[in-house]
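Containing compact mmCIF, C-alpha atoms: start.txt.
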```txt
# COMPACT_ATOMS: atom_id res chain seq x y z
CA MET Z 1020 0.00 0.00 0.00
CA THR Z 1021 2.88 2.36 0.76
CA GLU Z 1022 4.02 1.79 -2.81
CA ILE Z 1023 0.72 3.03 -4.13
CA LEU Z 1024 0.84 6.09 -1.90
CA LYS Z 1025 4.34 6.78 -3.17
CA LEU Z 1026 3.19 6.37 -6.78
CA LYS Z 1027 0.22 8.64 -6.18
CA LYS Z 1028 2.47 11.30 -4.65
CA THR Z 1029 4.96 11.12 -7.54
CA ILE Z 1030 2.20 11.34 -10.16
CA LEU Z 1031 0.32 14.20 -8.49
CA GLU Z 1032 3.54 16.15 -7.91
CA LYS Z 1033 4.08 16.32 -11.65
CA GLY Z 1034 1.00 18.51 -11.72
CA TYR Z 1035 -0.70 16.94 -14.75
CA ILE Z 1036 -3.08 14.49 -13.12
CA LYS Z 1037 -5.81 16.05 -10.99
CA ASN Z 1038 -7.53 12.89 -9.88
CA PHE Z 1039 -5.65 9.70 -9.03
CA VAL Z 1040 -7.81 6.63 -8.46
CA PHE Z 1041 -6.36 3.32 -7.32
CA LEU Z 1042 -8.58 0.25 -7.44
CA GLU Z 1043 -7.46 -2.91 -5.71
CA SER Z 1044 -9.34 -4.97 -8.24
CA VAL Z 1045 -11.69 -4.05 -11.09
CA ASN Z 1046 -13.25 -5.72 -14.13
CA SER Z 1047 -11.82 -3.17 -16.55
CA THR Z 1048 -10.45 0.29 -15.82
CA ASN Z 1049 -12.17 1.63 -18.96
CA THR Z 1050 -15.56 0.25 -17.97
CA TYR Z 1051 -15.18 1.62 -14.45
CA THR Z 1052 -14.13 5.00 -15.82
CA LYS Z 1053 -17.06 5.29 -18.19
CA GLU Z 1054 -19.46 4.79 -15.34
CA ASN Z 1055 -17.76 6.55 -12.46
CA ILE Z 1056 -15.20 9.13 -13.49
CA HIS Z 1057 -16.34 12.52 -14.67
CA THR Z 1058 -13.23 14.60 -14.05
CA ASP Z 1059 -10.74 15.71 -16.69
CA ASP Z 1060 -7.13 14.60 -16.22
CA SER Z 1061 -7.96 11.53 -14.19
CA LEU Z 1062 -5.77 8.45 -13.89
CA ILE Z 1063 -7.37 5.16 -12.91
CA ILE Z 1064 -5.04 2.29 -12.12
CA THR Z 1065 -5.29 -1.25 -10.84
CA PHE Z 1066 -2.89 -4.14 -10.46
CA ASN Z 1067 -5.66 -6.66 -10.74
CA GLN Z 1068 -7.84 -6.24 -13.82
CA THR Z 1069 -10.16 -9.22 -13.95
CA ALA Z 1070 -11.94 -8.70 -17.27
CA GLY Z 1071 -9.71 -6.54 -19.41
CA ARG Z 1072 -11.02 -5.99 -22.89
CA GLY Z 1073 -10.05 -4.70 -26.27
CA ARG Z 1074 -12.23 -3.62 -29.12
CA PHE Z 1075 -15.42 -5.60 -29.69
CA GLU Z 1076 -15.01 -7.04 -26.20
CA ARG Z 1077 -11.99 -9.07 -27.13
CA VAL Z 1078 -10.30 -10.33 -24.01
CA TRP Z 1079 -7.15 -8.73 -22.65
CA ILE Z 1080 -5.63 -11.10 -20.14
CA SER Z 1081 -3.29 -9.77 -17.52
CA GLU Z 1082 -1.90 -11.67 -14.56
CA PRO Z 1083 -2.48 -9.81 -11.30
CA PHE Z 1084 0.30 -7.61 -9.92
CA LYS Z 1085 2.58 -8.13 -12.90
CA ASN Z 1086 1.55 -5.58 -15.47
CA LEU Z 1087 0.57 -2.03 -16.11
CA THR Z 1088 -3.17 -1.55 -16.63
CA PHE Z 1089 -4.54 1.95 -16.41
CA THR Z 1090 -6.91 4.43 -17.95
CA LEU Z 1091 -6.33 8.08 -18.63
CA VAL Z 1092 -9.21 10.54 -18.98
CA LYS Z 1093 -8.81 13.60 -21.15
CA PHE Z 1094 -11.54 16.01 -22.21
CA PHE Z 1095 -11.54 17.78 -25.53
CA GLU Z 1096 -13.77 20.62 -26.55
CA ALA Z 1097 -16.75 20.05 -28.80
CA GLY Z 1098 -15.82 20.44 -32.45
CA PHE Z 1099 -12.35 19.05 -31.79
CA LYS Z 1100 -11.34 17.89 -35.24
CA ASN Z 1101 -8.33 15.65 -34.76
CA TYR Z 1102 -10.06 13.00 -32.67
CA SER Z 1103 -8.87 10.32 -35.05
CA LEU Z 1104 -5.28 11.19 -34.24
CA ILE Z 1105 -5.56 10.57 -30.49
CA ASN Z 1106 -4.96 6.88 -31.06
CA PHE Z 1107 -1.77 7.63 -32.97
CA TYR Z 1108 -0.73 10.05 -30.26
CA ALA Z 1109 -1.28 7.60 -27.42
CA THR Z 1110 0.48 4.86 -29.39
CA TYR Z 1111 3.46 7.09 -30.10
CA ILE Z 1112 3.71 8.14 -26.44
CA ILE Z 1113 3.60 4.56 -25.17
CA ALA Z 1114 6.10 3.33 -27.76
CA SER Z 1115 8.57 6.16 -27.17
CA SER Z 1116 8.24 5.92 -23.37
CA LEU Z 1117 8.91 2.20 -23.53
CA LYS Z 1118 11.90 2.68 -25.80
CA SER Z 1119 13.35 5.27 -23.42
CA VAL Z 1120 13.50 2.81 -20.51
CA LEU Z 1121 14.75 -0.25 -22.40
CA PRO Z 1122 18.37 -1.22 -23.05
CA ALA Z 1123 19.54 -0.52 -26.60
CA GLY Z 1124 19.04 -3.35 -29.06
CA ASN Z 1125 15.39 -3.88 -28.27
CA ASN Z 1126 13.09 -3.10 -31.14
CA VAL Z 1127 9.92 -1.20 -30.21
CA SER Z 1128 7.52 -0.86 -33.13
CA VAL Z 1129 3.91 0.01 -33.93
CA LYS Z 1130 1.37 -1.55 -36.24
CA TRP Z 1131 -1.40 0.54 -37.80
CA PRO Z 1132 -3.02 2.14 -36.01
CA ASN Z 1133 -2.38 1.33 -32.37
CA ASP Z 1134 -0.68 -1.96 -31.61
CA ILE Z 1135 2.66 -1.77 -29.85
CA LEU Z 1136 5.23 -4.50 -30.36
CA LEU Z 1137 8.51 -5.34 -28.70
CA ASN Z 1138 10.83 -7.43 -30.86
CA ASN Z 1139 7.81 -8.13 -33.11
CA LYS Z 1140 5.64 -9.51 -30.31
CA LYS Z 1141 2.67 -7.70 -28.83
CA ILE Z 1142 3.65 -5.85 -25.69
CA ALA Z 1143 0.90 -3.26 -25.25
CA GLY Z 1144 -2.61 -2.47 -26.40
CA ILE Z 1145 -4.72 0.63 -26.32
CA LEU Z 1146 -8.50 0.78 -26.09
CA LEU Z 1147 -9.71 4.25 -26.89
CA GLU Z 1148 -13.32 5.13 -26.23
CA THR Z 1149 -15.27 8.36 -26.16
CA VAL Z 1150 -18.49 9.48 -24.65
CA GLN Z 1151 -20.00 12.91 -24.57
CA SER Z 1152 -18.97 14.19 -21.17
CA ASP Z 1153 -21.34 17.05 -20.80
CA LYS Z 1154 -24.72 17.42 -22.40
CA LYS Z 1155 -24.52 21.21 -22.26
CA ASP Z 1156 -21.14 22.09 -23.69
CA LYS Z 1157 -20.92 18.82 -25.65
CA SER Z 1158 -17.25 18.33 -24.83
CA LEU Z 1159 -15.89 14.88 -25.55
CA LYS Z 1160 -14.51 12.64 -22.84
CA PHE Z 1161 -11.71 10.44 -24.14
CA ILE Z 1162 -11.08 7.27 -22.21
CA ILE Z 1163 -7.65 5.96 -23.03
CA GLY Z 1164 -7.17 2.45 -21.71
CA ILE Z 1165 -3.64 1.12 -21.78
CA GLY Z 1166 -2.44 -2.37 -21.02
CA MET Z 1167 1.24 -3.22 -21.07
CA ASN Z 1168 2.89 -6.49 -20.19
CA LEU Z 1169 5.79 -5.82 -17.89
CA ASN Z 1170 6.67 -8.75 -15.69
CA GLN Z 1171 4.32 -11.52 -16.76
CA THR Z 1172 6.24 -14.56 -17.99
CA CYS Z 1173 3.60 -16.96 -19.35
CA PHE Z 1174 1.34 -16.23 -22.29
CA ARG Z 1175 -1.19 -18.24 -24.21
CA GLU Z 1176 0.35 -19.70 -27.31
CA ASN Z 1177 -0.80 -19.88 -30.91
CA PHE Z 1178 -1.66 -16.27 -31.41
CA ILE Z 1179 -0.92 -14.97 -34.88
CA TYR Z 1180 0.99 -12.28 -33.05
CA PRO Z 1181 2.55 -13.79 -29.99
CA ALA Z 1182 2.51 -11.69 -26.84
CA THR Z 1183 5.48 -10.92 -24.69
CA SER Z 1184 6.53 -8.85 -21.71
CA VAL Z 1185 9.42 -6.57 -20.94
CA TYR Z 1186 10.76 -9.22 -18.58
CA ASN Z 1187 10.60 -11.96 -21.22
CA GLU Z 1188 12.48 -9.84 -23.73
CA THR Z 1189 15.09 -8.20 -21.56
CA GLY Z 1190 15.39 -10.40 -18.47
CA LYS Z 1191 14.78 -7.34 -16.34
CA SER Z 1192 11.68 -6.19 -14.58
CA ILE Z 1193 10.35 -2.68 -14.84
CA ASP Z 1194 9.09 -0.94 -11.76
CA ILE Z 1195 5.65 0.56 -12.35
CA SER Z 1196 6.33 3.42 -9.96
CA ASP Z 1197 9.29 4.48 -12.10
CA PHE Z 1198 7.71 3.84 -15.48
CA LEU Z 1199 4.20 5.28 -15.10
CA PRO Z 1200 5.43 8.81 -14.28
CA VAL Z 1201 7.54 8.68 -17.46
CA ILE Z 1202 4.46 7.87 -19.55
CA ILE Z 1203 2.31 10.54 -17.91
CA THR Z 1204 4.98 13.23 -18.28
CA ASN Z 1205 5.52 12.34 -21.95
CA PHE Z 1206 1.77 12.35 -22.57
CA TYR Z 1207 1.23 15.84 -21.20
CA GLU Z 1208 4.46 17.46 -22.37
CA ASN Z 1209 3.87 16.50 -26.00
CA ILE Z 1210 0.13 16.99 -26.20
CA ASP Z 1211 0.47 19.88 -28.70
CA LEU Z 1212 1.32 17.21 -31.27
CA ILE Z 1213 -2.39 16.44 -31.57
CA GLU Z 1214 -2.76 19.83 -33.25
CA LYS Z 1215 0.15 19.06 -35.60
CA PRO Z 1216 -0.89 16.03 -37.63
CA ASP Z 1217 2.10 16.08 -40.00
CA ILE Z 1218 4.66 16.00 -37.21
CA LEU Z 1219 2.66 13.55 -35.12
CA ILE Z 1220 2.30 11.05 -37.94
CA ARG Z 1221 5.95 11.45 -38.86
CA LYS Z 1222 6.93 10.60 -35.28
CA TRP Z 1223 4.48 7.70 -35.20
CA LYS Z 1224 5.90 6.44 -38.52
CA SER Z 1225 9.41 6.39 -37.05
CA PHE Z 1226 8.15 3.35 -35.09
CA CYS Z 1227 6.04 1.88 -37.87
CA MET Z 1228 7.15 -1.49 -39.17
CA ILE Z 1229 4.59 -2.12 -41.89
CA ILE Z 1230 5.33 0.45 -44.59
CA GLY Z 1231 6.44 -1.37 -47.72
CA LYS Z 1232 5.20 -4.71 -46.41
CA GLU Z 1233 2.63 -7.04 -47.91
CA ILE Z 1234 -0.36 -7.36 -45.63
CA SER Z 1235 -3.85 -8.79 -45.43
CA PHE Z 1236 -6.36 -6.15 -44.55
CA LYS Z 1237 -9.94 -6.47 -43.40
CA LYS Z 1238 -12.06 -3.42 -44.09
CA GLU Z 1239 -14.77 -4.56 -41.78
CA LEU Z 1240 -14.94 -6.98 -38.92
CA ASN Z 1241 -16.43 -9.77 -40.98
CA SER Z 1242 -15.33 -8.84 -44.46
CA LYS Z 1243 -12.96 -10.91 -46.53
CA PRO Z 1244 -9.41 -9.63 -46.35
CA VAL Z 1245 -7.73 -7.90 -49.27
CA THR Z 1246 -4.01 -8.32 -49.85
CA GLY Z 1247 -1.72 -5.49 -50.80
CA ARG Z 1248 1.41 -3.55 -50.04
CA VAL Z 1249 1.38 -0.70 -47.53
CA VAL Z 1250 2.40 2.46 -49.36
CA ASP Z 1251 2.10 5.00 -46.59
CA VAL Z 1252 0.17 6.30 -43.61
CA ASP Z 1253 -1.29 9.72 -44.34
CA SER Z 1254 -1.25 12.69 -41.98
CA ASP Z 1255 -4.98 12.17 -41.42
CA GLY Z 1256 -4.12 8.72 -40.08
CA SER Z 1257 -5.49 6.71 -43.00
CA ILE Z 1258 -3.52 3.80 -44.35
CA ILE Z 1259 -2.76 3.67 -48.07
CA ILE Z 1260 -2.51 0.20 -49.53
CA ASP Z 1261 -1.57 -0.74 -53.05
CA VAL Z 1262 -4.10 -3.39 -53.99
CA LYS Z 1263 -3.36 -4.84 -57.42
CA GLY Z 1264 -1.87 -1.61 -58.67
CA GLU Z 1265 -4.62 0.58 -57.27
CA LYS Z 1266 -3.91 2.78 -54.30
CA MET Z 1267 -6.67 2.44 -51.73
CA LYS Z 1268 -7.07 4.69 -48.71
CA TYR Z 1269 -8.68 3.21 -45.62
CA TYR Z 1270 -9.82 4.96 -42.48
CA THR Z 1271 -11.09 1.92 -40.67
CA GLY Z 1272 -10.16 -1.71 -40.79
CA GLU Z 1273 -7.64 -4.06 -39.40
CA ILE Z 1274 -4.39 -5.62 -40.49
CA SER Z 1275 -5.08 -9.31 -40.19
CA PHE Z 1276 -1.71 -10.60 -41.35
CA ILE Z 1277 1.75 -9.36 -42.24
CA PHE Z 1278 3.63 -11.45 -44.78
CA MET O 1107 -18.55 -29.39 -38.06
CA ASP O 1108 -20.09 -31.53 -35.41
CA LEU O 1109 -23.78 -32.06 -36.10
CA ASN O 1110 -24.59 -32.43 -32.42
CA TYR O 1111 -22.96 -29.11 -31.76
CA LEU O 1112 -25.14 -27.55 -34.43
CA LYS O 1113 -28.23 -29.15 -32.94
CA LYS O 1114 -27.34 -27.77 -29.53
CA LEU O 1115 -26.98 -24.32 -31.01
CA ILE O 1116 -30.35 -24.59 -32.71
CA LYS O 1117 -31.97 -25.62 -29.46
CA MET O 1118 -30.26 -22.83 -27.63
CA LEU O 1119 -31.50 -20.28 -30.13
CA ASP O 1120 -35.01 -21.71 -30.09
CA SER O 1121 -35.32 -21.50 -26.36
CA SER O 1122 -33.83 -18.04 -26.10
CA ASN O 1123 -35.14 -14.56 -26.76
CA LEU O 1124 -32.36 -13.99 -29.23
CA SER O 1125 -33.15 -13.56 -32.87
CA GLU O 1126 -29.70 -14.46 -34.09
CA ILE O 1127 -26.55 -16.29 -33.01
CA GLU O 1128 -23.26 -15.92 -34.80
CA ILE O 1129 -20.22 -17.99 -33.96
CA GLU O 1130 -16.82 -17.96 -35.54
CA GLU O 1131 -14.10 -20.42 -34.71
CA GLU O 1132 -11.23 -22.02 -36.48
CA GLY O 1133 -12.17 -20.62 -39.85
CA THR O 1134 -15.80 -21.67 -39.72
CA LYS O 1135 -18.58 -19.20 -39.29
CA ILE O 1136 -22.12 -20.12 -38.44
CA ARG O 1137 -25.02 -17.77 -38.29
CA LEU O 1138 -28.39 -18.93 -37.14
CA SER O 1139 -31.32 -16.60 -37.17
CA LYS O 1140 -34.99 -16.78 -36.38
CA PRO O 1141 -37.70 -15.05 -38.36
CA LYS O 1142 -38.85 -11.91 -36.65
CA GLN O 1143 -42.32 -13.26 -35.91
CA LYS O 1144 -41.56 -15.95 -33.47
CA ILE O 1145 -42.69 -19.35 -34.63
CA ALA O 1146 -41.49 -21.86 -32.12
CA THR O 1147 -41.22 -24.80 -34.49
CA GLN O 1148 -39.53 -23.08 -37.36
CA LEU O 1149 -35.92 -23.99 -38.03
CA PRO O 1150 -33.22 -21.43 -38.30
CA THR O 1151 -33.07 -19.91 -41.73
CA GLN O 1152 -29.45 -19.31 -42.49
CA ILE O 1153 -26.33 -21.34 -42.19
CA ILE O 1154 -23.22 -19.88 -43.68
CA THR O 1155 -20.12 -22.01 -43.83
CA PRO O 1156 -17.20 -22.26 -44.39
CA TYR O 1157 -15.37 -19.06 -43.62
CA PRO O 1158 -13.18 -17.46 -44.68
CA SER O 1159 -13.57 -18.38 -48.27
CA ILE O 1160 -10.92 -17.47 -50.78
CA THR O 1161 -13.37 -17.32 -53.60
CA ASN O 1162 -15.58 -14.35 -54.22
CA ILE O 1163 -12.96 -11.82 -53.30
CA ASN O 1164 -14.13 -8.68 -54.94
CA PRO O 1165 -11.26 -7.79 -57.27
CA GLN O 1166 -11.92 -4.10 -56.87
CA PRO O 1167 -12.62 -3.40 -53.24
CA ALA O 1168 -15.28 -0.76 -53.10
CA GLU O 1169 -14.28 2.01 -50.74
CA ILE O 1170 -17.69 3.44 -50.18
CA LYS O 1171 -20.59 1.11 -49.84
CA GLU O 1172 -23.95 2.00 -51.16
CA LYS O 1173 -26.01 3.72 -48.61
CA PRO O 1174 -28.98 1.78 -47.34
CA GLU O 1175 -31.88 2.02 -49.70
CA PRO O 1176 -34.39 4.67 -48.87
CA THR O 1177 -37.49 3.21 -47.42
CA THR O 1178 -40.03 2.18 -50.00
CA SER O 1179 -42.40 0.47 -47.64
CA THR O 1180 -45.59 1.92 -46.37
CA GLU O 1181 -43.97 3.07 -43.13
CA GLU O 1182 -45.25 6.48 -42.24
CA PHE O 1183 -43.81 8.75 -39.65
CA ASN O 1184 -45.15 11.94 -38.24
CA MET O 1185 -41.91 13.78 -38.85
CA SER O 1186 -42.82 16.56 -36.46
CA LYS O 1187 -42.51 14.03 -33.66
CA ILE O 1188 -39.40 12.34 -35.02
CA PHE O 1189 -35.94 13.13 -33.72
CA GLU O 1190 -33.22 12.14 -36.15
CA VAL O 1191 -30.04 10.78 -34.57
CA LYS O 1192 -27.16 11.71 -36.84
CA ALA O 1193 -23.62 10.41 -37.07
CA PRO O 1194 -21.27 12.92 -35.41
CA MET O 1195 -18.35 11.58 -37.44
CA VAL O 1196 -17.32 9.37 -40.33
CA GLY O 1197 -16.82 5.77 -39.31
CA THR O 1198 -18.26 2.29 -39.06
CA PHE O 1199 -21.63 1.81 -37.40
CA TYR O 1200 -22.01 -0.92 -34.78
CA ARG O 1201 -25.26 -1.76 -33.02
CA SER O 1202 -23.71 -3.91 -30.29
CA PRO O 1203 -20.49 -3.91 -28.25
CA SER O 1204 -19.31 -7.12 -29.96
CA PRO O 1205 -20.55 -9.34 -32.79
CA GLU O 1206 -21.90 -11.84 -30.27
CA ALA O 1207 -23.67 -9.33 -28.06
CA LYS O 1208 -27.27 -8.14 -28.23
CA PRO O 1209 -27.87 -4.79 -29.95
CA TYR O 1210 -28.02 -1.81 -27.62
CA VAL O 1211 -31.44 -0.92 -29.01
CA ASP O 1212 -33.98 -2.33 -31.44
CA VAL O 1213 -36.96 -0.91 -33.24
CA GLY O 1214 -39.55 -0.55 -30.51
CA SER O 1215 -37.02 0.09 -27.71
CA THR O 1216 -37.84 2.91 -25.36
CA VAL O 1217 -34.89 5.19 -24.76
CA LYS O 1218 -34.10 7.97 -22.34
CA GLU O 1219 -31.74 10.86 -22.72
CA GLY O 1220 -28.31 9.29 -22.30
CA THR O 1221 -29.29 5.77 -23.40
CA LEU O 1222 -26.48 4.19 -25.39
CA LEU O 1223 -27.65 3.69 -28.99
CA CYS O 1224 -24.65 2.51 -30.98
CA ILE O 1225 -20.91 2.75 -31.50
CA ILE O 1226 -19.22 4.48 -34.38
CA GLU O 1227 -15.67 3.36 -34.89
CA ALA O 1228 -13.14 5.55 -36.61
CA MET O 1229 -9.54 4.39 -36.64
CA LYS O 1230 -10.08 2.13 -33.65
CA LEU O 1231 -11.59 4.93 -31.65
CA MET O 1232 -14.84 3.59 -30.27
CA ASN O 1233 -17.35 6.42 -30.03
CA GLU O 1234 -20.39 5.64 -27.95
CA ILE O 1235 -23.38 7.50 -29.26
CA GLU O 1236 -25.99 8.32 -26.65
CA SER O 1237 -29.54 9.48 -27.21
CA GLU O 1238 -30.12 13.17 -26.79
CA VAL O 1239 -33.85 12.71 -26.33
CA GLY O 1240 -36.29 10.33 -24.71
CA GLY O 1241 -38.74 8.37 -26.86
CA LYS O 1242 -39.16 5.23 -28.88
CA ILE O 1243 -36.90 3.91 -31.62
CA VAL O 1244 -39.13 3.63 -34.68
CA LYS O 1245 -36.57 3.11 -37.40
CA ILE O 1246 -32.92 2.09 -37.73
CA LEU O 1247 -31.57 3.38 -41.01
CA VAL O 1248 -28.14 1.75 -41.15
CA GLU O 1249 -27.12 -1.89 -41.09
CA ASN O 1250 -24.70 -3.14 -38.47
CA GLY O 1251 -21.09 -2.91 -39.65
CA GLN O 1252 -21.74 -0.41 -42.43
CA PRO O 1253 -19.72 2.75 -43.01
CA VAL O 1254 -21.51 6.00 -42.22
CA GLU O 1255 -20.90 9.53 -43.38
CA TYR O 1256 -20.80 12.62 -41.20
CA ASN O 1257 -24.37 13.69 -40.34
CA GLN O 1258 -25.93 10.58 -41.87
CA VAL O 1259 -29.21 9.76 -40.14
CA LEU O 1260 -28.90 6.61 -38.05
CA PHE O 1261 -32.11 6.36 -36.06
CA TYR O 1262 -35.58 7.81 -35.92
CA ILE O 1263 -36.73 8.36 -32.38
CA GLU O 1264 -40.39 9.16 -31.88
CA LYS O 1265 -40.82 11.65 -29.09
CA PRO O 1266 -43.75 11.14 -26.76
```
Write the structure described by the file as structure tokens, please.
Amino acid sequence: MTEILKLKKTILEKGYIKNFVFLESVNSTNTYTKENIHTDDSLIITFNQTAGRGRFERVWISEPFKNLTFTLVKFFEAGFKNYSLINFYATYIIASSLKSVLPAGNNVSVKWPNDILLNNKKIAGILLETVQSDKKDKSLKFIIGIGMNLNQTCFRENFIYPATSVYNETGKSIDISDFLPVIITNFYENIDLIEKPDILIRKWKSFCMIIGKEISFKKELNSKPVTGRVVDVDSDGSIIIDVKGEKMKYYTGEISFIF
Amino acid sequence: MDLNYLKKLIKMLDSSNLSEIEIEEEGTKIRLSKPKQKIATQLPTQIITPYPSITNINPQPAEIKEKPEPTTSTEEFNMSKIFEVKAPMVGTFYRSPSPEAKPYVDVGSTVKEGTLLCIIEAMKLMNEIESEVGGKIVKILVENGQPVEYNQVLFYIEKP
């Protein structure tokens, strides 16, 4: 418990987070946040997330007390245009924060739009959700859920993209009370990037491992995949894929396989 | 595909309030659905298998799908009482939190201000769209999983 108090003190002293919520155990920090947290700049953290989820209620499994699972709440004014870039921003911040604490020689990369890989295995995921926070001023509440495998050693096998943890890749554990303040500071100190799509996407692309690669791409959840070569990721966040000589631009969809 | 498994599914669907079950595993997709008017003895109407298929890949992937056809039925709405819920952004329209889950609302559902109606996904950002008014859903204008344009009408809500 003293560790949590220490973490809370460190985080609040940075001056970015106004509301620090520690939950001993919770189904999902995003679900809890949607229902209970109505304050901008809130951080909700647990070491025991029992029903973590990704998009479409896909399961995010995390062993208790081993990993980083938290949610950040950030409000944006109504009419905020670059909402689609928040995912790229959060992904870039997590990837660069991770890189900054790892020994050289470890390869941190991102897959469009928001998967984070360490040495080509999934290390972190982001679940970004919004709800209208206030009926009157119509500001948007962004709920940024982040799960990162730090010290877990066993993972389910047979995933197309195997999962890993910092410990599995480097043989060293990362202390959450050192690492979380790094992420929070990076998040707030670079937040102007959301207003600068060109620079943001350029920074995101410096971690991107799929440009030039052949991929399978599903436009919709249940659609048949198309195969093509990734040409670029545009400053509006869309992915451009060369499908049989024709350049296609997609705003939604999912990379189902990388050849 | 195990026939007993299929039978179990059919029984499960029959005895439930669900109108549809969709299951995907190991490359096989099964969708069972009941006709809207509940007839207890009727068998499910659709079985799609196998999946994914490598045939039928549209050689020219269409970027923008056709919008749902305008209604040609005899539905009549008193438009002065209808509130149109519009898409606040471009994205993909989802009626339920996951493919297996029940839709948030159906035609006939009563909603309050703040009731969750659907999700619009844009670049993996899941936007929950809540109702701004209370009333009854009388029409859903977009199919689950379809792309929507900014300001496209998604629902008609009849105000009391």
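You will find CA of Phe1261 (chain O) at 17.4 Å from CA of Pro1203 (chain O).
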Quick one: which residues from chain O are at most 6 Å off chain Z, using only C-alpha atoms, as a list in words? Pro1203, Ser1204, Ala1228, Met1229, Leu1231, Met1232, Asn1233 and Glu1234 of chain O
Once you count all atoms listed in the file, what closest atom pair and distance in Å to one decimal does each residue of region 1086-1106 of chain Z within 10 Å of region 1027-1036 of chain Z have, with rows by chain and rising residue number, as CSV?
```
residue,atom,partner,partner_atom,distance
Z:Leu1091,CA,Z:Ile1036,CA,9.1
Z:Val1092,CA,Z:Ile1036,CA,9.4
Z:Lys1093,CA,Z:Ile1036,CA,9.9
```
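Note that the spacing between CA of Leu1260 (chain O) and CA of Ala1193 (chain O) amounts to 6.6 Å.
Going from CA of Glu1181 (chain O) over to CA of Lys1265 (chain O), you cover 16.8 Å.
Remark: for Phe1094 (chain Z), the closest of the candidate residues Z:Thr1110, Z:Thr1058, Z:Ser1196, Z:Asn1038 is Z:Thr1058 (distances computed over all atoms listed in the file).
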Contacts of Gln1068 (chain Z) at 6 Å (all atoms listed in the file; same-chain gap of 4+ positions) as a compact mmCIF listing (two decimals) with C-alpha atoms, keeping the file's coordinate frame:
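File produced: result.txt:
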```txt
# COMPACT_ATOMS: atom_id res chain seq x y z
CA SER Z 1044 -9.34 -4.97 -8.24
CA VAL Z 1045 -11.69 -4.05 -11.09
CA ASN Z 1046 -13.25 -5.72 -14.13
CA SER Z 1047 -11.82 -3.17 -16.55
```
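Nearest to Lys1242 (chain O) of all the residues O:Glu1126, O:Asp1120, O:Glu1227, O:Glu1190 is O:Glu1190, counting only C-alpha atoms.
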Go through Z:Tyr1186, Z:Tyr1051, Z:Phe1089, Z:Phe1099 one by one, measure the shortest atom-to-atom distance of each to Gly1144 (chain Z) using all atoms listed in the file, and give the residue with the smallest value. Z:Phe1089
Once you count all atoms listed in the file, which residues end up no further than 9 Å from (-24.9, 0.7, -25.9) in the file's frame, shown as number ranges by chain? O: 1201-1203, 1209-1211, 1221-1225, 1234-1236
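Minimum distance to Leu1136 (chain Z) across Z:Tyr1207, Z:Ala1123, Z:Ile1064, Z:Cys1227 (counting all atoms listed in the file) occurs at Z:Cys1227.
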Counting all atoms listed in the file, which residue out of Z:Asn1126, Z:Asp1194, Z:Glu1082, Z:Leu1219 sits closest to Arg1175 (chain Z)? Z:Glu1082
Mind checking which residues fall within 7 Å of Asn1125 (chain Z), counting all atoms listed in the file, ignoring those fewer than 3 positions away in the same chain, and posting them as a compact mmCIF listing (two decimals) with C-alpha atoms, in the coordinates of the input?
```txt
# COMPACT_ATOMS: atom_id res chain seq x y z
CA LEU Z 1121 14.75 -0.25 -22.40
CA PRO Z 1122 18.37 -1.22 -23.05
CA ASN Z 1138 10.83 -7.43 -30.86
```
